[in-house]
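Student: Structure: protein.txt, compact mmCIF, C-alpha atoms.
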# COMPACT_ATOMS: atom_id res chain seq x y z
CA MET A 158 -68.27 -108.32 122.73
CA ASN A 159 -67.07 -108.22 119.15
CA ALA A 160 -70.11 -106.65 117.50
CA LEU A 161 -71.24 -105.27 114.17
CA VAL A 162 -74.25 -103.01 113.65
CA ALA A 163 -75.59 -103.78 110.18
CA TYR A 164 -78.62 -101.81 109.07
CA PHE A 165 -80.92 -101.03 106.16
CA SER A 166 -82.53 -97.61 106.18
CA ALA A 167 -85.05 -96.41 103.63
CA GLY A 168 -85.84 -92.98 105.05
CA GLY A 169 -83.03 -92.25 107.49
CA ALA A 170 -84.63 -93.14 110.83
CA THR A 171 -82.97 -96.56 111.06
CA ALA A 172 -79.61 -95.08 110.04
CA GLY A 173 -79.80 -92.60 112.90
CA ALA A 174 -80.68 -95.32 115.41
CA ALA A 175 -77.91 -97.58 114.08
CA LYS A 176 -75.25 -94.90 114.48
CA ILE A 177 -76.22 -94.27 118.10
CA LEU A 178 -76.28 -98.02 118.80
CA ALA A 179 -72.84 -98.47 117.21
CA ARG A 180 -71.39 -95.70 119.39
CA ALA A 181 -73.09 -97.06 122.50
CA SER A 182 -71.89 -100.63 121.94
CA GLY A 183 -68.47 -99.88 120.47
CA ALA A 184 -69.51 -101.86 117.39
CA ALA A 185 -68.43 -101.47 113.80
CA LEU A 186 -71.08 -100.01 111.49
CA TYR A 187 -72.20 -101.33 108.09
CA GLU A 188 -75.01 -100.06 105.87
CA ILE A 189 -76.99 -102.63 103.89
CA ARG A 190 -77.70 -100.91 100.60
CA PRO A 191 -79.93 -102.10 97.75
CA ALA A 192 -78.37 -102.37 94.28
CA VAL A 193 -81.24 -100.18 93.08
CA PRO A 194 -82.02 -97.48 95.66
CA TYR A 195 -85.64 -97.06 96.72
CA THR A 196 -87.46 -93.95 95.54
CA ASP A 197 -90.32 -92.28 97.41
CA ALA A 198 -92.73 -93.91 94.91
CA ASP A 199 -91.15 -97.32 95.63
CA LEU A 200 -91.85 -96.85 99.33
CA ASN A 201 -95.49 -95.82 98.95
CA TRP A 202 -97.14 -98.48 101.10
CA THR A 203 -100.60 -97.26 100.09
CA ASP A 204 -99.91 -98.29 96.47
CA LYS A 205 -100.24 -102.06 96.12
CA ASN A 206 -98.13 -101.86 92.94
CA SER A 207 -95.23 -99.96 94.54
CA ARG A 208 -91.89 -101.77 94.63
CA SER A 209 -91.94 -102.24 98.41
CA SER A 210 -95.53 -103.53 98.37
CA VAL A 211 -94.76 -106.03 95.60
CA GLU A 212 -91.60 -107.23 97.40
CA MET A 213 -93.35 -107.65 100.74
CA ASN A 214 -96.21 -109.61 99.17
CA ASP A 215 -93.75 -112.06 97.55
CA LYS A 216 -92.10 -114.33 100.13
CA ALA A 217 -89.46 -115.27 97.53
CA SER A 218 -88.49 -111.66 96.85
CA ARG A 219 -84.79 -111.02 97.40
CA PRO A 220 -83.81 -107.49 96.31
CA ALA A 221 -80.17 -107.38 95.18
CA LEU A 222 -77.53 -105.81 97.41
CA ALA A 223 -75.25 -103.01 96.25
CA ASP A 224 -72.26 -104.95 97.66
CA LYS A 225 -71.39 -107.98 99.73
CA ASN A 226 -68.58 -106.44 101.77
CA ALA A 227 -70.06 -106.65 105.27
CA PRO A 228 -67.40 -107.79 107.74
CA VAL A 229 -69.70 -110.47 109.16
CA ALA A 230 -66.97 -113.11 109.54
CA GLU A 231 -65.02 -110.81 111.91
CA HIS A 232 -67.87 -110.45 114.43
CA ASP A 233 -69.67 -112.74 116.87
CA VAL A 234 -72.67 -110.51 117.51
CA ILE A 235 -74.59 -108.75 114.77
CA PHE A 236 -77.08 -106.04 115.67
CA LEU A 237 -79.35 -106.07 112.62
CA GLY A 238 -81.55 -103.05 112.05
CA PHE A 239 -84.30 -102.19 109.61
CA PRO A 240 -87.58 -100.31 109.27
CA ILE A 241 -90.68 -102.44 109.89
CA TRP A 242 -92.61 -103.01 106.68
CA TRP A 243 -95.97 -104.76 106.96
CA TYR A 244 -95.18 -105.97 110.52
CA LYS A 245 -91.88 -107.62 109.53
CA ALA A 246 -88.41 -107.03 108.16
CA PRO A 247 -88.07 -105.91 104.53
CA THR A 248 -87.08 -108.75 102.21
CA ILE A 249 -83.70 -107.12 101.56
CA ILE A 250 -82.83 -108.28 105.11
CA ASN A 251 -83.38 -111.88 103.95
CA THR A 252 -81.07 -111.16 101.01
CA PHE A 253 -78.42 -109.88 103.43
CA LEU A 254 -78.69 -112.89 105.73
CA GLU A 255 -78.57 -115.35 102.83
CA SER A 256 -75.42 -113.68 101.46
CA TYR A 257 -73.21 -114.57 104.45
CA ASP A 258 -72.54 -117.44 106.83
CA PHE A 259 -73.98 -116.60 110.25
CA THR A 260 -73.37 -120.03 111.77
CA GLY A 261 -72.60 -119.68 115.49
CA LYS A 262 -73.34 -115.96 115.52
CA THR A 263 -75.92 -114.11 117.59
CA ILE A 264 -78.15 -111.72 115.68
CA VAL A 265 -79.97 -109.11 117.76
CA LEU A 266 -82.74 -107.35 115.89
CA PHE A 267 -83.61 -103.69 116.23
CA ALA A 268 -86.04 -101.68 114.19
CA THR A 269 -87.79 -98.41 113.58
CA SER A 270 -91.48 -98.20 112.83
CA GLY A 271 -94.21 -95.71 112.20
CA GLY A 272 -96.67 -97.63 114.30
CA SER A 273 -95.95 -101.32 114.91
CA GLY A 274 -93.51 -103.41 116.89
CA LEU A 275 -91.05 -106.02 115.65
CA GLY A 276 -94.01 -108.22 114.76
CA SER A 277 -93.01 -111.49 113.13
CA SER A 278 -89.57 -110.26 112.06
CA ALA A 279 -87.51 -112.91 113.88
CA ALA A 280 -89.68 -115.76 112.60
CA GLY A 281 -89.48 -114.41 109.06
CA LEU A 282 -85.69 -114.25 109.16
CA LYS A 283 -84.88 -117.55 110.90
CA ASP A 284 -84.69 -119.67 107.74
CA SER A 285 -82.40 -117.11 106.08
CA ALA A 286 -79.69 -117.51 108.76
CA PRO A 287 -79.44 -121.22 109.60
CA GLY A 288 -77.09 -121.87 112.50
CA ALA A 289 -77.51 -118.39 113.97
CA LYS A 290 -79.31 -117.40 117.15
CA ILE A 291 -81.79 -114.62 116.32
CA MET A 292 -83.06 -112.49 119.19
CA ASP A 293 -85.75 -109.83 119.18
CA GLY A 294 -84.29 -106.59 120.41
CA LEU A 295 -85.64 -103.08 120.65
CA LEU A 296 -87.83 -100.79 118.67
CA LEU A 297 -85.66 -97.68 118.44
CA ASN A 298 -88.23 -95.03 117.57
CA GLY A 299 -87.75 -91.47 118.62
CA PRO A 300 -84.73 -89.97 120.32
CA ARG A 301 -82.47 -92.47 122.06
CA ASN A 302 -79.30 -91.67 123.90
CA GLU A 303 -76.09 -93.62 124.08
CA GLU A 304 -76.36 -94.24 127.81
CA GLU A 305 -79.78 -95.85 127.46
CA LEU A 306 -78.50 -98.10 124.67
CA LYS A 307 -75.34 -99.00 126.62
CA GLU A 308 -77.57 -100.25 129.43
CA TRP A 309 -79.67 -102.26 127.00
CA VAL A 310 -76.62 -103.84 125.34
CA SER A 311 -75.11 -104.76 128.71
CA SER A 312 -78.41 -106.36 129.75
CA LEU A 313 -78.49 -108.74 126.79
CA LYS A 314 -77.85 -112.40 127.54
CA ILE A 315 -75.38 -113.00 124.72
Reformat the file's structure so that it appears as structure tokens.
Tutor:
Amino acid sequence: MNALVAYFSAGGATAGAAKILARASGAALYEIRPAVPYTDADLNWTDKNSRSSVEMNDKASRPALADKNAPVAEHDVIFLGFPIWWYKAPTIINTFLESYDFTGKTIVLFATSGGSGLGSSAAGLKDSAPGAKIMDGLLLNGPRNEEELKEWVSSLKI
């Protein structure tokens, strides 16, 4: 499998999970970074005027990326990771998907969350990656080990 682990991490949990998954799968690793980094105030989900709340309430929101250097074209399988925001993927994930051609690629989602599952993430991302197969994957909360993730990756029907 020629895989890439691409991830967005706001607080570090998704970054940690992505690094373990990359080691376990032998995949390359790429961090999806916003052009304007999120502050703690931006991530305050209890404030309806915080940046993340405003973005998640606007289906057309597409936060700018810091770069568009992800080696997507070189990989057939993309493990795409993010924190769950409001039961779905942050809109920066839509920006990422719309910035590259994923035609013929398999995208396997993984996420971290403070209390919910992957929710409607796959459905919310489908239109942003036409021609790609998007699969729900795992919620990678808490400590995970490489062996566990190797087993999961080998069990995928890709």
Student: Taking all atoms listed in the file into account, name the residue in A:Pro228, A:Gly294, A:Thr196, A:Ala163 that is nearest to Val310 (chain A).
Tutor: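 Checking each candidate against Val310 (chain A), we get A:Gly294 as the closest.
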Student: Figure out the distance between CA of Thr252 (chain A) and CA of Ser218 (chain A), please, to one decimal in Å.
Tutor: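 Between these atoms lies a distance of 8.5 Å.
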Student: Pick out the closest residue to Gly168 (chain A) from this set: A:Ala217, A:Leu186, A:Ile241, A:Ile249. Count all atoms listed in the file.
Tutor: A:Ile241
Student: Rounded to one decimal, what separation in Å do you get between CA of Gly281 (chain A) and CA of Met213 (chain A)?
Tutor: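 Between CA of Gly281 (chain A) and CA of Met213 (chain A) the gap works out to 11.4 Å.
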Student: Using only C-alpha atoms, can you tell me which of A:Leu222, A:Tyr257, A:Ala167, A:Gly173 comes closest to Ala198 (chain A)?
Tutor: A:Ala167
Student: So that I can see what lies close to Thr269 (chain A), please list as JSON, numbers by chain the residues with an atom at most 6 Å from it, counting all atoms listed in the file and leaving out residues fewer than 3 positions away in the same chain.
Tutor: {"A": [171, 240, 296, 297, 298]}
Student: Show me the residues close to (-88.3, -114.2, 109.1) - anything with an atom within 12 Å, counting all atoms listed in the file - and format the list as a PDB file with C-alpha atoms, in the coordinates of the input.
Tutor:
ATOM      1  CA  MET A 213     -93.350-107.650 100.740  1.00  0.00           C
ATOM      2  CA  LYS A 216     -92.100-114.330 100.130  1.00  0.00           C
ATOM      3  CA  ALA A 217     -89.460-115.270  97.530  1.00  0.00           C
ATOM      4  CA  TYR A 244     -95.180-105.970 110.520  1.00  0.00           C
ATOM      5  CA  LYS A 245     -91.880-107.620 109.530  1.00  0.00           C
ATOM      6  CA  ALA A 246     -88.410-107.030 108.160  1.00  0.00           C
ATOM      7  CA  PRO A 247     -88.070-105.910 104.530  1.00  0.00           C
ATOM      8  CA  THR A 248     -87.080-108.750 102.210  1.00  0.00           C
ATOM      9  CA  ILE A 249     -83.700-107.120 101.560  1.00  0.00           C
ATOM     10  CA  ILE A 250     -82.830-108.280 105.110  1.00  0.00           C
ATOM     11  CA  ASN A 251     -83.380-111.880 103.950  1.00  0.00           C
ATOM     12  CA  THR A 252     -81.070-111.160 101.010  1.00  0.00           C
ATOM     13  CA  LEU A 254     -78.690-112.890 105.730  1.00  0.00           C
ATOM     14  CA  GLU A 255     -78.570-115.350 102.830  1.00  0.00           C
ATOM     15  CA  LEU A 266     -82.740-107.350 115.890  1.00  0.00           C
ATOM     16  CA  LEU A 275     -91.050-106.020 115.650  1.00  0.00           C
ATOM     17  CA  GLY A 276     -94.010-108.220 114.760  1.00  0.00           C
ATOM     18  CA  SER A 277     -93.010-111.490 113.130  1.00  0.00           C
ATOM     19  CA  SER A 278     -89.570-110.260 112.060  1.00  0.00           C
ATOM     20  CA  ALA A 279     -87.510-112.910 113.880  1.00  0.00           C
ATOM     21  CA  ALA A 280     -89.680-115.760 112.600  1.00  0.00           C
ATOM     22  CA  GLY A 281     -89.480-114.410 109.060  1.00  0.00           C
ATOM     23  CA  LEU A 282     -85.690-114.250 109.160  1.00  0.00           C
ATOM     24  CA  LYS A 283     -84.880-117.550 110.900  1.00  0.00           C
ATOM     25  CA  ASP A 284     -84.690-119.670 107.740  1.00  0.00           C
ATOM     26  CA  SER A 285     -82.400-117.110 106.080  1.00  0.00           C
ATOM     27  CA  ALA A 286     -79.690-117.510 108.760  1.00  0.00           C
ATOM     28  CA  PRO A 287     -79.440-121.220 109.600  1.00  0.00           C
ATOM     29  CA  ILE A 291     -81.790-114.620 116.320  1.00  0.00           C
ATOM     30  CA  MET A 292     -83.060-112.490 119.190  1.00  0.00           C
ATOM     31  CA  ASP A 293     -85.750-109.830 119.180  1.00  0.00           C
TER      32      ASP A 293
END
Student: Quick one: residues within 12 Å of Lys307 (chain A), all atoms listed in the file, excluding same-chain residues fewer than 6 positions away - as JSON, numbers by chain?
Tutor: {"A": [177, 178, 179, 180, 181, 182, 183, 184, 301, 313]}
Student: Ranking A:Arg190, A:Lys225, A:Lys290, A:Lys314 by minimum distance to Phe239 (chain A) and counting only C-alpha atoms, which one comes first?
Tutor: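 Selected residue with least distance to Phe239 (chain A): A:Arg190.
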Student: Would you please work out which residue, of A:Ala192, A:Asp233, A:Asn226, A:Phe267, is nearest to Tyr164 (chain A) when using all atoms listed in the file?
Tutor: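 Looking at the shortest contact to Tyr164 (chain A), the residue is A:Phe267.
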Student: Calculate how many Å separate CA of Asn214 (chain A) from CA of Ile189 (chain A), rounding to one decimal.
Tutor: 21.0 Å
Student: Can you work out which one of A:Val193, A:Ala223, A:Ala170, A:Ile235 has the shortest atom-to-atom distance to Gly271 (chain A), counting only C-alpha atoms?
Tutor: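 Checking each of A:Val193, A:Ala223, A:Ala170, A:Ile235 against Gly271 (chain A), counting only C-alpha atoms, the winner is A:Ala170.
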